[in-house]
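**Student:** One structure coming up, written as structure tokens, with questions to follow.
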Amino acid sequence: MKKNNKYYDASKAHHTPWGFTNPEPSLRKAGDLKRWQDQRKKQGLPKPPQAGYEQFIQQWWQAADLSGDHDSIWWLGHASILLRLGGRYVLIDPVLSSRASPVNFYGPKRKTPPPLTVQQLPTIDVVLISHNHYDHLDRLTISELTKRFRGITFVVPLGLKQWFSHYPAKRVVELDWWDSFTLDTTTFYATPARHWSMRTPWDHNHSLWCGWVIHHPELRFYFTGDTGYSERLVEIGTRLGPFDIAALPIGAYAPRWFMQEKHMDPQHSVRLYQQLNQPRVIPMHWGVFELADESLDEPPQQLMQALSDAGLEQHNFDLMKIGQRLDVKCVPNE
């Protein structure tokens, strides 16, 4: 195999001469992917929401209201998040087109509409990308963003800067795990995650994957990115917390025997929430794309069950509608 990792650092466990890897051992076996695909097809999964897609949209979607100037966070569906901090706007993993796919006629189609369009966005200062999968790095959304906002800064994990050379993106900053980038009073940290990367059959794990921590005078925010559960996630809280608000994934977990290595389920999110000293939580990575076997309406049900099983009748999980805003009201960090 040809060595292709110009970022290779032998002192780092997630680096290899050929790309990147998870330090945790893999539990998957040869043939597991086909086994899952065969079971999924045989069982006709995923099933529609219990009350149907239209009712699901009515219950879990609203148009985004960007009015006002106070610090706020909007969940835009799946893993897309918009933050307004001190008058600056930060986008994380924006996916606002109709499919999570390299083509516009095939691949996972969104079941709930985006709560806004790129044309409705305010001036975006920074875009954070966690990894290169199509449900997190969307070609059409990035194209529209770079055409509209020429001064935008993209902050991405190692190996992903080259991808942006096809777009009018003037500033792209690459970070390894634990590296940081500061803009005015805000610092962005790339944090470990247990996942993988690939956009074509020829670039498996050639670029890194990560989560993000944002330190702002009024907020400490943690976005896990796509990740399976790992004790390394707890270390993020130890090193960069405590967090005021965290975005934790609760979807794309079924079947657990196949998905748990790369995606957290609601039970894992509740466990991590406790280990992070119970910050306010935006549950994410659900409600838009049918990427796994659970129905769209199952993750919030499973989350409530997981909280009950953990004895957490009082908790800080905010089950938000797609497009809903969470106002940032917290004591400034010392």
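Going by the structure tokens order, chains are called A, B, ..., each with residues numbered from 1, while ligands are numbered from 1 in the order shown.
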Any idea what's packed within 12 Å of region 32-43 of chain A, counting only C-alpha atoms, ignoring anything in its chain fewer than 3 positions away? Could you give it as a PyMOL selection string?

**Tutor:** chain A and resi 27-29+46-47+254-259+290-294

**Student:** Emit the selected residues as a CSV table (one decimal), in the first residue's frame, including N, CA, C and O atoms.

**Tutor:**
```
chain,number,residue,atom,x,y,z
A,27,LEU,N,-14.2,-3.7,16.3
A,27,LEU,CA,-14.9,-4.9,16.7
A,27,LEU,C,-15.6,-5.5,15.4
A,27,LEU,O,-16.1,-6.6,15.5
A,28,ARG,N,-15.6,-4.8,14.3
A,28,ARG,CA,-16.2,-5.3,13.1
A,28,ARG,C,-15.5,-6.4,12.5
A,28,ARG,O,-14.2,-6.4,12.5
A,29,LYS,N,-16.2,-7.3,11.9
A,29,LYS,CA,-15.6,-8.4,11.2
A,29,LYS,C,-15.9,-8.4,9.7
A,29,LYS,O,-16.8,-7.7,9.3
A,46,PRO,N,-35.5,1.3,7.0
A,46,PRO,CA,-36.3,1.7,8.2
A,46,PRO,C,-37.8,1.8,7.9
A,46,PRO,O,-38.1,2.1,6.8
A,47,LYS,N,-38.6,1.7,8.9
A,47,LYS,CA,-40.0,1.9,8.8
A,47,LYS,C,-40.3,3.4,8.9
A,47,LYS,O,-39.6,4.2,9.5
A,254,ALA,N,-29.0,2.1,14.8
A,254,ALA,CA,-29.6,0.7,14.6
A,254,ALA,C,-29.1,0.1,13.3
A,254,ALA,O,-29.1,0.8,12.3
A,255,PRO,N,-28.7,-1.2,13.3
A,255,PRO,CA,-28.7,-2.1,14.5
A,255,PRO,C,-27.4,-1.7,15.3
A,255,PRO,O,-26.3,-1.5,14.8
A,256,ARG,N,-27.5,-1.8,16.6
A,256,ARG,CA,-26.4,-1.4,17.5
A,256,ARG,C,-25.2,-2.3,17.3
A,256,ARG,O,-24.1,-1.8,17.4
A,257,TRP,N,-25.4,-3.6,17.0
A,257,TRP,CA,-24.2,-4.4,16.8
A,257,TRP,C,-23.3,-4.0,15.7
A,257,TRP,O,-22.1,-4.2,15.7
A,258,PHE,N,-23.9,-3.3,14.7
A,258,PHE,CA,-23.1,-2.8,13.6
A,258,PHE,C,-22.7,-1.3,13.7
A,258,PHE,O,-21.6,-0.9,13.4
A,259,MET,N,-23.6,-0.5,14.2
A,259,MET,CA,-23.4,0.9,14.3
A,259,MET,C,-22.7,1.5,15.5
A,259,MET,O,-22.1,2.6,15.4
A,290,GLU,N,-32.5,9.0,6.8
A,290,GLU,CA,-32.7,7.7,7.2
A,290,GLU,C,-31.4,6.9,6.9
A,290,GLU,O,-31.3,6.2,5.9
A,291,LEU,N,-30.4,7.0,7.7
A,291,LEU,CA,-29.1,6.5,7.5
A,291,LEU,C,-28.9,5.1,8.1
A,291,LEU,O,-28.0,4.4,7.8
A,292,ALA,N,-29.7,4.8,9.1
A,292,ALA,CA,-29.6,3.5,9.8
A,292,ALA,C,-31.0,2.9,9.8
A,292,ALA,O,-31.9,3.3,9.1
A,293,ASP,N,-31.2,1.9,10.7
A,293,ASP,CA,-32.5,1.1,10.7
A,293,ASP,C,-33.6,1.6,11.5
A,293,ASP,O,-34.7,1.2,11.4
A,294,GLU,N,-33.3,2.6,12.4
A,294,GLU,CA,-34.4,3.1,13.3
A,294,GLU,C,-35.3,4.1,12.5
A,294,GLU,O,-34.8,4.7,11.6
```

**Student:** From region 61-238 of chain A, collect each residue whose DSSP state is strand (DSSP E) and return the set as a PyMOL selection string.

**Tutor:** chain A and resi 72-75+81-85+88-92+126-128+153-157+171-175+180-183+186-191+211-216+219-223

**Student:** Keeping N, CA and C atoms for every residue in the selection just given, could you write it to a file as a tab-separated table (two decimals), in the first residue's frame?

**Tutor:**
```tsv
chain	number	residue	atom	x	y	z
A	72	SER	N	-27.20	33.09	20.49
A	72	SER	CA	-28.17	32.01	20.29
A	72	SER	C	-27.53	30.86	19.55
A	73	ILE	N	-28.18	29.68	19.66
A	73	ILE	CA	-27.78	28.49	18.90
A	73	ILE	C	-29.03	27.94	18.22
A	74	TRP	N	-28.94	27.66	16.93
A	74	TRP	CA	-30.05	27.05	16.19
A	74	TRP	C	-29.65	25.64	15.77
A	75	TRP	N	-30.54	24.67	16.02
A	75	TRP	CA	-30.35	23.35	15.44
A	75	TRP	C	-31.05	23.36	14.08
A	81	ILE	N	-25.60	23.04	12.69
A	81	ILE	CA	-25.85	23.95	13.80
A	81	ILE	C	-25.34	25.34	13.44
A	82	LEU	N	-26.10	26.34	13.82
A	82	LEU	CA	-25.73	27.75	13.63
A	82	LEU	C	-25.60	28.41	14.99
A	83	LEU	N	-24.49	29.12	15.21
A	83	LEU	CA	-24.29	29.85	16.46
A	83	LEU	C	-24.12	31.33	16.17
A	84	ARG	N	-24.72	32.17	17.02
A	84	ARG	CA	-24.47	33.62	16.99
A	84	ARG	C	-23.84	33.98	18.33
A	85	LEU	N	-22.58	34.39	18.26
A	85	LEU	CA	-21.82	34.70	19.47
A	85	LEU	C	-21.15	36.05	19.31
A	88	ARG	N	-21.01	37.55	15.80
A	88	ARG	CA	-20.43	36.72	14.74
A	88	ARG	C	-21.24	35.44	14.58
A	89	TYR	N	-21.24	34.88	13.37
A	89	TYR	CA	-22.00	33.67	13.10
A	89	TYR	C	-21.06	32.52	12.71
A	90	VAL	N	-21.32	31.37	13.33
A	90	VAL	CA	-20.54	30.16	13.09
A	90	VAL	C	-21.48	29.05	12.65
A	91	LEU	N	-21.15	28.38	11.56
A	91	LEU	CA	-21.92	27.24	11.06
A	91	LEU	C	-21.11	25.97	11.28
A	92	ILE	N	-21.79	24.90	11.70
A	92	ILE	CA	-21.13	23.61	11.86
A	92	ILE	C	-21.83	22.60	10.94
A	126	VAL	N	-17.43	31.89	10.19
A	126	VAL	CA	-16.65	30.66	10.30
A	126	VAL	C	-17.54	29.46	10.03
A	127	VAL	N	-17.01	28.49	9.28
A	127	VAL	CA	-17.67	27.20	9.09
A	127	VAL	C	-16.75	26.11	9.61
A	128	LEU	N	-17.26	25.28	10.52
A	128	LEU	CA	-16.52	24.14	11.04
A	128	LEU	C	-17.04	22.87	10.36
A	153	THR	N	-14.26	31.83	6.70
A	153	THR	CA	-13.13	30.99	7.10
A	153	THR	C	-13.65	29.58	7.38
A	154	PHE	N	-13.04	28.58	6.75
A	154	PHE	CA	-13.37	27.18	7.01
A	154	PHE	C	-12.30	26.59	7.92
A	155	VAL	N	-12.74	25.88	8.95
A	155	VAL	CA	-11.81	25.18	9.84
A	155	VAL	C	-12.16	23.70	9.74
A	156	VAL	N	-11.17	22.89	9.35
A	156	VAL	CA	-11.42	21.50	8.97
A	156	VAL	C	-10.36	20.60	9.58
A	157	PRO	N	-10.62	19.29	9.68
A	157	PRO	CA	-9.59	18.36	10.15
A	157	PRO	C	-8.52	18.11	9.09
A	171	ARG	N	-9.85	31.12	2.71
A	171	ARG	CA	-9.15	30.78	3.95
A	171	ARG	C	-9.66	29.45	4.49
A	172	VAL	N	-8.80	28.45	4.47
A	172	VAL	CA	-9.13	27.13	5.01
A	172	VAL	C	-8.03	26.74	5.98
A	173	VAL	N	-8.40	26.48	7.22
A	173	VAL	CA	-7.46	26.15	8.27
A	173	VAL	C	-7.62	24.67	8.63
A	174	GLU	N	-6.54	23.89	8.58
A	174	GLU	CA	-6.57	22.48	8.94
A	174	GLU	C	-6.04	22.29	10.36
A	175	LEU	N	-6.71	21.42	11.13
A	175	LEU	CA	-6.29	21.16	12.50
A	175	LEU	C	-6.23	19.66	12.78
A	180	SER	N	-5.80	24.15	17.86
A	180	SER	CA	-6.81	25.20	17.98
A	180	SER	C	-6.54	26.34	17.01
A	181	PHE	N	-7.60	27.11	16.76
A	181	PHE	CA	-7.55	28.29	15.91
A	181	PHE	C	-8.35	29.38	16.60
A	182	THR	N	-7.79	30.59	16.69
A	182	THR	CA	-8.46	31.68	17.39
A	182	THR	C	-8.79	32.81	16.43
A	183	LEU	N	-10.02	33.28	16.52
A	183	LEU	CA	-10.48	34.43	15.75
A	183	LEU	C	-11.09	35.42	16.73
A	186	THR	N	-12.76	34.25	20.12
A	186	THR	CA	-13.28	32.89	20.06
A	186	THR	C	-12.18	31.92	19.62
A	187	THR	N	-12.06	30.80	20.35
A	187	THR	CA	-11.08	29.77	20.01
A	187	THR	C	-11.81	28.48	19.67
A	188	PHE	N	-11.39	27.86	18.58
A	188	PHE	CA	-11.99	26.61	18.09
A	188	PHE	C	-10.97	25.48	18.25
A	189	TYR	N	-11.36	24.42	18.96
A	189	TYR	CA	-10.50	23.27	19.19
A	189	TYR	C	-11.04	22.07	18.41
A	190	ALA	N	-10.17	21.39	17.66
A	190	ALA	CA	-10.52	20.11	17.05
A	190	ALA	C	-10.31	19.02	18.09
A	191	THR	N	-11.32	18.18	18.30
A	191	THR	CA	-11.26	17.20	19.37
A	191	THR	C	-11.41	15.77	18.83
A	211	GLY	N	-14.44	16.25	16.47
A	211	GLY	CA	-15.49	17.06	17.06
A	211	GLY	C	-14.95	18.48	17.20
A	212	TRP	N	-15.77	19.36	17.77
A	212	TRP	CA	-15.35	20.75	17.94
A	212	TRP	C	-15.73	21.27	19.32
A	213	VAL	N	-14.82	22.00	19.92
A	213	VAL	CA	-15.10	22.76	21.14
A	213	VAL	C	-14.90	24.23	20.83
A	214	ILE	N	-15.86	25.04	21.23
A	214	ILE	CA	-15.77	26.49	21.03
A	214	ILE	C	-15.68	27.17	22.39
A	215	HIS	N	-14.63	27.94	22.58
A	215	HIS	CA	-14.48	28.77	23.77
A	215	HIS	C	-14.72	30.22	23.39
A	216	HIS	N	-15.74	30.79	23.97
A	216	HIS	CA	-16.11	32.20	23.77
A	216	HIS	C	-16.28	32.79	25.17
A	219	LEU	N	-19.52	31.53	26.47
A	219	LEU	CA	-19.98	30.16	26.23
A	219	LEU	C	-18.82	29.20	26.03
A	220	ARG	N	-18.97	28.00	26.61
A	220	ARG	CA	-18.13	26.86	26.24
A	220	ARG	C	-19.06	25.80	25.66
A	221	PHE	N	-18.84	25.51	24.38
A	221	PHE	CA	-19.75	24.66	23.62
A	221	PHE	C	-19.00	23.47	23.06
A	222	TYR	N	-19.61	22.29	23.15
A	222	TYR	CA	-18.99	21.06	22.64
A	222	TYR	C	-19.91	20.40	21.63
A	223	PHE	N	-19.36	20.13	20.45
A	223	PHE	CA	-20.03	19.42	19.37
A	223	PHE	C	-19.24	18.15	19.12
```

**Student:** Can you measure CA of Phe149 (chain A) to CA of Pro113 (chain A) for me? One decimal in Å is fine.

**Tutor:**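 Answer for the CA of Phe149 (chain A) to CA of Pro113 (chain A) separation: 23.0 Å.
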
**Student:** Please, which residues in region 55-150 of chain A fall within 7 Å of region 197-206 of chain A when counting only C-alpha atoms, and what is the closest atom pair and distance in Å to one decimal for each, ordered by chain then residue number, as a Markdown table?

**Tutor:**
```
| residue | atom | partner | partner_atom | distance |
| --- | --- | --- | --- | --- |
| A:His131 | CA | A:Ser197 | CA | 6.4 |
| A:Asn132 | CA | A:Ser197 | CA | 5.9 |
| A:His133 | CA | A:Arg199 | CA | 6.1 |
```

**Student:** If I take CA of His268 (chain A) and CA of Asp327 (chain A), how far is one from the other in Å, to one decimal?

**Tutor:** 25.7 Å
